[in-house]
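> The following file, target-v3.cif, comprises mmCIF, N, CA and C atoms:
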```cif
data_target
#
loop_
_atom_site.label_atom_id
_atom_site.label_comp_id
_atom_site.auth_asym_id
_atom_site.auth_seq_id
_atom_site.Cartn_x
_atom_site.Cartn_y
_atom_site.Cartn_z
N MET A 376 10.57 -44.95 250.70
CA MET A 376 10.11 -43.58 250.85
C MET A 376 10.45 -43.08 252.25
N ASN A 377 10.85 -41.83 252.37
CA ASN A 377 11.17 -41.24 253.66
C ASN A 377 9.92 -41.13 254.51
N LYS A 378 10.13 -41.21 255.83
CA LYS A 378 8.95 -41.08 256.70
C LYS A 378 8.67 -39.60 256.97
N MET A 379 7.44 -39.32 257.19
CA MET A 379 6.99 -37.96 257.48
C MET A 379 7.34 -37.66 258.93
N ASN A 380 7.97 -36.52 259.16
CA ASN A 380 8.32 -36.10 260.52
C ASN A 380 7.39 -34.99 260.97
N ASN A 381 6.94 -35.10 262.20
CA ASN A 381 6.16 -34.05 262.85
C ASN A 381 7.02 -33.50 263.96
N ILE A 382 7.14 -32.19 264.02
CA ILE A 382 7.98 -31.58 265.05
C ILE A 382 7.36 -30.27 265.49
N GLU A 383 7.45 -30.02 266.79
CA GLU A 383 6.95 -28.75 267.31
C GLU A 383 8.14 -27.81 267.43
N VAL A 384 7.98 -26.60 266.90
CA VAL A 384 9.03 -25.59 266.97
C VAL A 384 8.44 -24.31 267.53
N ILE A 385 9.30 -23.46 268.02
CA ILE A 385 8.88 -22.15 268.50
C ILE A 385 9.51 -21.12 267.59
N ILE A 386 8.62 -20.32 266.96
CA ILE A 386 9.09 -19.26 266.08
C ILE A 386 8.46 -17.97 266.57
N ASN A 387 9.31 -17.00 266.87
CA ASN A 387 8.86 -15.69 267.35
C ASN A 387 7.92 -15.84 268.55
N ASN A 388 8.33 -16.72 269.48
CA ASN A 388 7.61 -16.97 270.73
C ASN A 388 6.24 -17.61 270.54
N LYS A 389 6.00 -18.26 269.42
CA LYS A 389 4.75 -18.98 269.17
C LYS A 389 5.09 -20.41 268.79
N ARG A 390 4.26 -21.32 269.22
CA ARG A 390 4.47 -22.74 268.91
C ARG A 390 3.83 -23.08 267.56
N TYR A 391 4.58 -23.85 266.78
CA TYR A 391 4.07 -24.32 265.49
C TYR A 391 4.42 -25.79 265.34
N ASN A 392 3.52 -26.52 264.69
CA ASN A 392 3.80 -27.90 264.33
C ASN A 392 4.22 -27.93 262.87
N LEU A 393 5.44 -28.41 262.65
CA LEU A 393 5.93 -28.55 261.28
C LEU A 393 5.87 -30.01 260.90
N ARG A 394 5.56 -30.24 259.66
CA ARG A 394 5.48 -31.60 259.16
C ARG A 394 6.20 -31.64 257.82
N GLY A 395 7.10 -32.61 257.68
CA GLY A 395 7.81 -32.72 256.42
C GLY A 395 8.67 -33.97 256.38
N TYR A 396 9.21 -34.26 255.22
CA TYR A 396 10.05 -35.43 255.04
C TYR A 396 11.50 -35.16 255.47
N GLU A 397 11.81 -33.91 255.71
CA GLU A 397 13.14 -33.57 256.15
C GLU A 397 13.33 -34.05 257.59
N SER A 398 14.59 -34.14 258.01
CA SER A 398 14.88 -34.60 259.37
C SER A 398 14.42 -33.56 260.39
N GLU A 399 14.24 -34.02 261.61
CA GLU A 399 13.85 -33.11 262.68
C GLU A 399 14.92 -32.04 262.89
N GLU A 400 16.19 -32.44 262.77
CA GLU A 400 17.29 -31.48 262.93
C GLU A 400 17.20 -30.38 261.88
N TYR A 401 16.88 -30.77 260.67
CA TYR A 401 16.77 -29.79 259.59
C TYR A 401 15.61 -28.82 259.86
N LEU A 402 14.48 -29.35 260.27
CA LEU A 402 13.32 -28.50 260.55
C LEU A 402 13.61 -27.56 261.72
N GLN A 403 14.33 -28.03 262.72
CA GLN A 403 14.73 -27.17 263.84
C GLN A 403 15.68 -26.08 263.35
N LYS A 404 16.56 -26.44 262.43
CA LYS A 404 17.50 -25.47 261.88
C LYS A 404 16.76 -24.35 261.14
N ILE A 405 15.71 -24.72 260.40
CA ILE A 405 14.89 -23.74 259.70
C ILE A 405 14.21 -22.80 260.70
N ALA A 406 13.64 -23.38 261.75
CA ALA A 406 12.98 -22.56 262.78
C ALA A 406 14.00 -21.63 263.45
N SER A 407 15.17 -22.14 263.70
CA SER A 407 16.22 -21.33 264.32
C SER A 407 16.62 -20.17 263.41
N TYR A 408 16.73 -20.43 262.13
CA TYR A 408 17.07 -19.38 261.16
C TYR A 408 16.02 -18.26 261.20
N ILE A 409 14.76 -18.66 261.18
CA ILE A 409 13.67 -17.67 261.20
C ILE A 409 13.69 -16.90 262.52
N ASN A 410 13.92 -17.58 263.63
CA ASN A 410 14.02 -16.89 264.92
C ASN A 410 15.17 -15.88 264.93
N ASN A 411 16.29 -16.25 264.35
CA ASN A 411 17.42 -15.33 264.27
C ASN A 411 17.07 -14.11 263.42
N LYS A 412 16.33 -14.31 262.36
CA LYS A 412 15.89 -13.19 261.52
C LYS A 412 14.96 -12.26 262.31
N HIS A 413 14.04 -12.87 263.06
CA HIS A 413 13.15 -12.05 263.91
C HIS A 413 13.97 -11.24 264.90
N ALA A 414 14.91 -11.88 265.55
CA ALA A 414 15.73 -11.20 266.56
C ALA A 414 16.54 -10.07 265.91
N GLU A 415 17.05 -10.34 264.72
CA GLU A 415 17.82 -9.33 263.98
C GLU A 415 16.96 -8.10 263.68
N LEU A 416 15.75 -8.35 263.21
CA LEU A 416 14.85 -7.25 262.87
C LEU A 416 14.34 -6.51 264.11
N LYS A 417 14.11 -7.23 265.20
CA LYS A 417 13.61 -6.60 266.43
C LYS A 417 14.62 -5.60 267.00
N LYS A 418 15.88 -5.76 266.67
CA LYS A 418 16.91 -4.83 267.15
C LYS A 418 16.81 -3.47 266.48
N LYS A 419 16.12 -3.41 265.36
CA LYS A 419 15.98 -2.15 264.60
C LYS A 419 14.84 -1.33 265.21
N ASP A 420 15.11 -0.08 265.45
CA ASP A 420 14.10 0.79 266.06
C ASP A 420 12.84 0.91 265.21
N PHE A 421 13.00 1.06 263.90
CA PHE A 421 11.84 1.26 263.02
C PHE A 421 10.92 0.05 263.00
N TYR A 422 11.49 -1.15 263.25
CA TYR A 422 10.71 -2.39 263.17
C TYR A 422 9.56 -2.40 264.18
N LYS A 423 9.80 -1.81 265.34
CA LYS A 423 8.79 -1.79 266.41
C LYS A 423 7.56 -0.97 266.02
N MET A 424 7.76 -0.03 265.13
CA MET A 424 6.65 0.85 264.74
C MET A 424 5.82 0.29 263.58
N LEU A 425 6.25 -0.80 263.00
CA LEU A 425 5.54 -1.36 261.84
C LEU A 425 4.36 -2.21 262.29
N ASP A 426 3.32 -2.25 261.44
CA ASP A 426 2.21 -3.16 261.75
C ASP A 426 2.64 -4.58 261.38
N SER A 427 1.84 -5.56 261.77
CA SER A 427 2.23 -6.96 261.60
C SER A 427 2.39 -7.34 260.12
N ASP A 428 1.56 -6.76 259.23
CA ASP A 428 1.72 -7.05 257.79
C ASP A 428 3.07 -6.58 257.28
N MET A 429 3.46 -5.36 257.67
CA MET A 429 4.75 -4.81 257.22
C MET A 429 5.91 -5.61 257.83
N LYS A 430 5.74 -6.06 259.06
CA LYS A 430 6.77 -6.89 259.68
C LYS A 430 6.95 -8.19 258.90
N GLY A 431 5.80 -8.76 258.50
CA GLY A 431 5.85 -10.00 257.71
C GLY A 431 6.52 -9.77 256.37
N ILE A 432 6.15 -8.68 255.70
CA ILE A 432 6.74 -8.36 254.40
C ILE A 432 8.24 -8.13 254.55
N LEU A 433 8.63 -7.39 255.58
CA LEU A 433 10.05 -7.11 255.81
C LEU A 433 10.81 -8.41 256.06
N MET A 434 10.19 -9.31 256.81
CA MET A 434 10.82 -10.62 257.07
C MET A 434 10.99 -11.38 255.75
N GLU A 435 9.95 -11.39 254.93
CA GLU A 435 10.04 -12.08 253.64
C GLU A 435 11.11 -11.46 252.75
N ILE A 436 11.19 -10.13 252.75
CA ILE A 436 12.22 -9.45 251.95
C ILE A 436 13.62 -9.84 252.43
N ASN A 437 13.81 -9.88 253.74
CA ASN A 437 15.12 -10.24 254.30
C ASN A 437 15.49 -11.68 253.96
N ILE A 438 14.53 -12.58 254.06
CA ILE A 438 14.80 -13.98 253.72
C ILE A 438 15.08 -14.12 252.22
N ALA A 439 14.31 -13.41 251.40
CA ALA A 439 14.56 -13.44 249.95
C ALA A 439 15.94 -12.86 249.63
N ASP A 440 16.31 -11.80 250.33
CA ASP A 440 17.63 -11.20 250.14
C ASP A 440 18.73 -12.21 250.46
N ASP A 441 18.60 -12.90 251.59
CA ASP A 441 19.57 -13.95 251.95
C ASP A 441 19.63 -15.02 250.86
N TYR A 442 18.47 -15.43 250.40
CA TYR A 442 18.39 -16.46 249.37
C TYR A 442 19.13 -16.03 248.10
N PHE A 443 18.84 -14.81 247.61
CA PHE A 443 19.46 -14.36 246.37
C PHE A 443 20.97 -14.15 246.53
N LYS A 444 21.39 -13.68 247.70
CA LYS A 444 22.83 -13.52 247.93
C LYS A 444 23.53 -14.87 247.88
N VAL A 445 22.95 -15.85 248.54
CA VAL A 445 23.54 -17.19 248.53
C VAL A 445 23.50 -17.79 247.13
N ARG A 446 22.41 -17.56 246.42
CA ARG A 446 22.30 -18.07 245.05
C ARG A 446 23.36 -17.44 244.15
N ASN A 447 23.59 -16.13 244.32
CA ASN A 447 24.64 -15.47 243.53
C ASN A 447 26.02 -15.99 243.90
N GLN A 448 26.24 -16.22 245.19
CA GLN A 448 27.52 -16.79 245.61
C GLN A 448 27.72 -18.16 244.99
N LEU A 449 26.66 -18.95 244.96
CA LEU A 449 26.73 -20.28 244.37
C LEU A 449 27.08 -20.18 242.88
N LYS A 450 26.44 -19.25 242.17
CA LYS A 450 26.74 -19.06 240.74
C LYS A 450 28.20 -18.66 240.55
N GLU A 451 28.69 -17.77 241.41
CA GLU A 451 30.09 -17.35 241.31
C GLU A 451 31.02 -18.53 241.56
N ILE A 452 30.70 -19.33 242.56
CA ILE A 452 31.51 -20.51 242.86
C ILE A 452 31.47 -21.50 241.71
N GLU A 453 30.28 -21.70 241.13
CA GLU A 453 30.16 -22.62 239.99
C GLU A 453 30.95 -22.12 238.80
N THR A 454 30.90 -20.80 238.55
CA THR A 454 31.67 -20.21 237.45
C THR A 454 33.16 -20.38 237.70
N GLU A 455 33.57 -20.10 238.93
CA GLU A 455 34.99 -20.26 239.30
C GLU A 455 35.41 -21.72 239.17
N ASN A 456 34.54 -22.62 239.60
CA ASN A 456 34.82 -24.04 239.50
C ASN A 456 34.97 -24.47 238.04
N GLU A 457 34.08 -23.96 237.19
CA GLU A 457 34.15 -24.29 235.77
C GLU A 457 35.45 -23.75 235.15
N THR A 458 35.81 -22.53 235.53
CA THR A 458 37.05 -21.92 235.03
C THR A 458 38.25 -22.75 235.46
N LYS A 459 38.26 -23.14 236.73
CA LYS A 459 39.38 -23.94 237.25
C LYS A 459 39.39 -25.32 236.60
N SER A 460 38.23 -25.90 236.36
CA SER A 460 38.17 -27.19 235.68
C SER A 460 38.75 -27.08 234.27
N ASN A 461 38.42 -25.98 233.58
CA ASN A 461 38.97 -25.77 232.23
C ASN A 461 40.48 -25.58 232.29
N GLU A 462 40.94 -24.84 233.30
CA GLU A 462 42.39 -24.66 233.46
C GLU A 462 43.08 -26.00 233.69
N ILE A 463 42.49 -26.82 234.55
CA ILE A 463 43.06 -28.14 234.84
C ILE A 463 43.08 -28.99 233.58
N TYR A 464 41.98 -28.96 232.83
CA TYR A 464 41.89 -29.71 231.57
C TYR A 464 43.00 -29.27 230.62
N ASN A 465 43.15 -27.95 230.47
CA ASN A 465 44.19 -27.43 229.57
C ASN A 465 45.59 -27.79 230.06
N LEU A 466 45.80 -27.71 231.37
CA LEU A 466 47.11 -28.05 231.92
C LEU A 466 47.42 -29.54 231.73
N LYS A 467 46.41 -30.39 231.88
CA LYS A 467 46.61 -31.83 231.65
C LYS A 467 47.01 -32.09 230.21
N HIS A 468 46.33 -31.41 229.28
CA HIS A 468 46.67 -31.60 227.87
C HIS A 468 48.06 -31.05 227.57
N GLU A 469 48.40 -29.94 228.18
CA GLU A 469 49.74 -29.38 228.00
C GLU A 469 50.78 -30.35 228.57
N LEU A 470 50.47 -30.95 229.72
CA LEU A 470 51.38 -31.91 230.33
C LEU A 470 51.58 -33.13 229.43
N VAL A 471 50.49 -33.62 228.86
CA VAL A 471 50.59 -34.77 227.94
C VAL A 471 51.44 -34.39 226.73
N ALA A 472 51.22 -33.19 226.20
CA ALA A 472 52.00 -32.73 225.05
C ALA A 472 53.48 -32.62 225.42
N LEU A 473 53.76 -32.10 226.60
CA LEU A 473 55.16 -31.98 227.03
C LEU A 473 55.80 -33.35 227.26
N HIS A 474 55.03 -34.29 227.80
CA HIS A 474 55.55 -35.66 227.96
C HIS A 474 55.87 -36.28 226.60
N THR A 475 54.98 -36.07 225.65
CA THR A 475 55.21 -36.60 224.31
C THR A 475 56.46 -35.97 223.70
N LYS A 476 56.57 -34.66 223.82
CA LYS A 476 57.74 -33.94 223.31
C LYS A 476 59.01 -34.43 224.01
N HIS A 477 58.91 -34.63 225.31
CA HIS A 477 60.06 -35.13 226.09
C HIS A 477 60.48 -36.50 225.60
N ASP A 478 59.50 -37.39 225.39
CA ASP A 478 59.81 -38.74 224.90
C ASP A 478 60.48 -38.68 223.54
N LEU A 479 59.98 -37.81 222.66
CA LEU A 479 60.59 -37.67 221.33
C LEU A 479 62.03 -37.17 221.44
N LYS A 480 62.25 -36.19 222.32
CA LYS A 480 63.60 -35.66 222.51
C LYS A 480 64.53 -36.72 223.09
N GLU A 481 64.02 -37.54 224.01
CA GLU A 481 64.85 -38.62 224.56
C GLU A 481 65.22 -39.62 223.47
N LYS A 482 64.28 -39.94 222.59
CA LYS A 482 64.58 -40.84 221.47
C LYS A 482 65.60 -40.20 220.54
N GLU A 483 65.45 -38.90 220.29
CA GLU A 483 66.39 -38.17 219.45
C GLU A 483 67.78 -38.18 220.08
N ILE A 484 67.85 -37.99 221.39
CA ILE A 484 69.14 -38.03 222.10
C ILE A 484 69.76 -39.41 221.98
N GLU A 485 68.94 -40.45 222.15
CA GLU A 485 69.44 -41.83 222.03
C GLU A 485 69.96 -42.09 220.62
N THR A 486 69.23 -41.61 219.62
CA THR A 486 69.69 -41.77 218.23
C THR A 486 71.00 -41.03 218.01
N LEU A 487 71.10 -39.82 218.52
CA LEU A 487 72.34 -39.03 218.38
C LEU A 487 73.50 -39.70 219.12
N LYS A 488 73.23 -40.30 220.28
CA LYS A 488 74.28 -41.02 221.01
C LYS A 488 74.78 -42.19 220.19
N GLN A 489 73.84 -42.90 219.56
CA GLN A 489 74.23 -44.05 218.71
C GLN A 489 75.05 -43.57 217.52
N GLU A 490 74.62 -42.45 216.90
CA GLU A 490 75.37 -41.89 215.77
C GLU A 490 76.75 -41.45 216.21
N LEU A 491 76.84 -40.83 217.40
CA LEU A 491 78.13 -40.40 217.93
C LEU A 491 79.03 -41.61 218.18
N ASN A 492 78.45 -42.65 218.75
CA ASN A 492 79.20 -43.87 219.01
C ASN A 492 79.72 -44.47 217.71
N GLU A 493 78.85 -44.51 216.69
CA GLU A 493 79.27 -45.04 215.37
C GLU A 493 80.36 -44.15 214.77
N ALA A 494 80.21 -42.83 214.92
CA ALA A 494 81.22 -41.91 214.38
C ALA A 494 82.54 -42.09 215.09
N GLN A 495 82.51 -42.27 216.41
CA GLN A 495 83.74 -42.49 217.17
C GLN A 495 84.42 -43.79 216.74
N LYS A 496 83.60 -44.83 216.52
CA LYS A 496 84.16 -46.10 216.04
C LYS A 496 84.82 -45.90 214.66
N LYS A 497 84.13 -45.12 213.79
CA LYS A 497 84.66 -44.87 212.46
C LYS A 497 85.97 -44.09 212.55
N ILE A 498 86.04 -43.11 213.45
CA ILE A 498 87.25 -42.32 213.63
C ILE A 498 88.39 -43.23 214.08
N ILE A 499 88.10 -44.10 215.03
CA ILE A 499 89.13 -45.02 215.51
C ILE A 499 89.59 -45.93 214.39
N ARG A 500 88.63 -46.43 213.61
CA ARG A 500 88.98 -47.32 212.48
C ARG A 500 89.82 -46.58 211.46
N LEU A 501 89.42 -45.33 211.13
CA LEU A 501 90.18 -44.55 210.14
C LEU A 501 91.56 -44.18 210.68
N GLU A 502 91.64 -43.85 211.95
CA GLU A 502 92.94 -43.54 212.55
C GLU A 502 93.85 -44.76 212.50
N THR A 503 93.26 -45.93 212.79
CA THR A 503 94.03 -47.18 212.75
C THR A 503 94.53 -47.44 211.34
N GLU A 504 93.63 -47.24 210.33
CA GLU A 504 94.02 -47.44 208.93
C GLU A 504 95.12 -46.45 208.54
N LEU A 505 94.98 -45.22 208.99
CA LEU A 505 95.98 -44.20 208.67
C LEU A 505 97.32 -44.54 209.30
N MET A 506 97.29 -44.99 210.52
CA MET A 506 98.53 -45.39 211.19
C MET A 506 99.16 -46.59 210.49
N ASP A 507 98.31 -47.54 210.03
CA ASP A 507 98.81 -48.70 209.31
C ASP A 507 99.43 -48.27 207.98
N LYS A 508 98.84 -47.30 207.27
CA LYS A 508 99.39 -46.82 205.99
C LYS A 508 100.70 -46.07 206.24
N ASN A 509 100.76 -45.33 207.31
CA ASN A 509 101.98 -44.59 207.61
C ASN A 509 103.12 -45.52 208.00
N ARG A 510 102.85 -46.68 208.57
CA ARG A 510 103.87 -47.65 208.92
C ARG A 510 104.37 -48.40 207.69
N SER A 511 103.60 -48.53 206.73
CA SER A 511 104.01 -49.30 205.56
C SER A 511 104.82 -48.53 204.61
#
```
What's the structure tokens form of this structure?

Amino acid sequence: MNKMNNIEVIINNKRYNLRGYESEEYLQKIASYINNKHAELKKKDFYKMLDSDMKGILMEINIADDYFKVRNQLKEIETENETKSNEIYNLKHELVALHTKHDLKEKEIETLKQELNEAQKKIIRLETELMDKNRS
């Protein structure tokens, strides 16, 4: 089982103790993300005029917005990945079919070469017989 980590972080200029099974680096990354969101919102003029409840709600909305955007991007990537996987699957099957067709054509060429060779031998034999009949 993972060990429980306790870490002190500063979020929006206040100290908080976070506790979780995630690594300290991960918990610091979460605190940093939230601090960046606070800094982003503080740059907006209207944000300064909001009461603390509205600031909290706006922060939650912004974080939820980020979450849903990333989730939609993930779905798009998964869909694209599935499409590409299907394309690869189809291309592999097409490649196997083409290899099979190629092998059959090579066998057909080999058979035709043998038939040509036999026909050439027959022509030589018939020409020899014809020359022998013409000499007699």
> Leaving out range 380-389 of chain A and any residue of its chain fewer than 3 positions from it, which residues lie within 9 Å of it when counting only C-alpha atoms, given as a PyMOL selection string?
chain A and resi 392-399+402-403+406-407+409-410+413-414
> Could you pull out the residues in chain A that DSSP calls helix (DSSP H, G or I) from the backbone, as a ChimeraX atom specification?
/A:399-417,420-423,427-510
> Which residues in chain A does DSSP call strand (DSSP E)? List them as a list of chain:residue names.
A:Asn380, A:Asn381, A:Ile382, A:Glu383, A:Val384, A:Ile385, A:Ile386, A:Lys389, A:Arg390, A:Tyr391, A:Asn392, A:Leu393, A:Arg394, A:Gly395
> Tell me, in Å to one decimal, how far CA of Lys508 in chain A is from CA of Glu493 in chain A.
22.3 Å
> Just the number, please: distance in Å from CA of Asn411 in chain A to atom N of Ile438 in chain A, one decimal.
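Atom N of Ile438 in chain A lies at a distance of 11.0 Å from CA of Asn411 in chain A.
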> May I have the centre and edge lengths, in Å to one decimal, of an axis-aligned box around the listed atoms of range 469-475 of chain A with 4 Å added to every side, as lines of an AutoDock Vina configuration file?

```
center_x = 52.4
center_y = -33.0
center_z = 227.0
size_x = 16.1
size_y = 15.2
size_z = 14.6
```
> Any idea what the distance is between atom N of Ile452 in chain A and CA of Leu416 in chain A?
28.5 Å
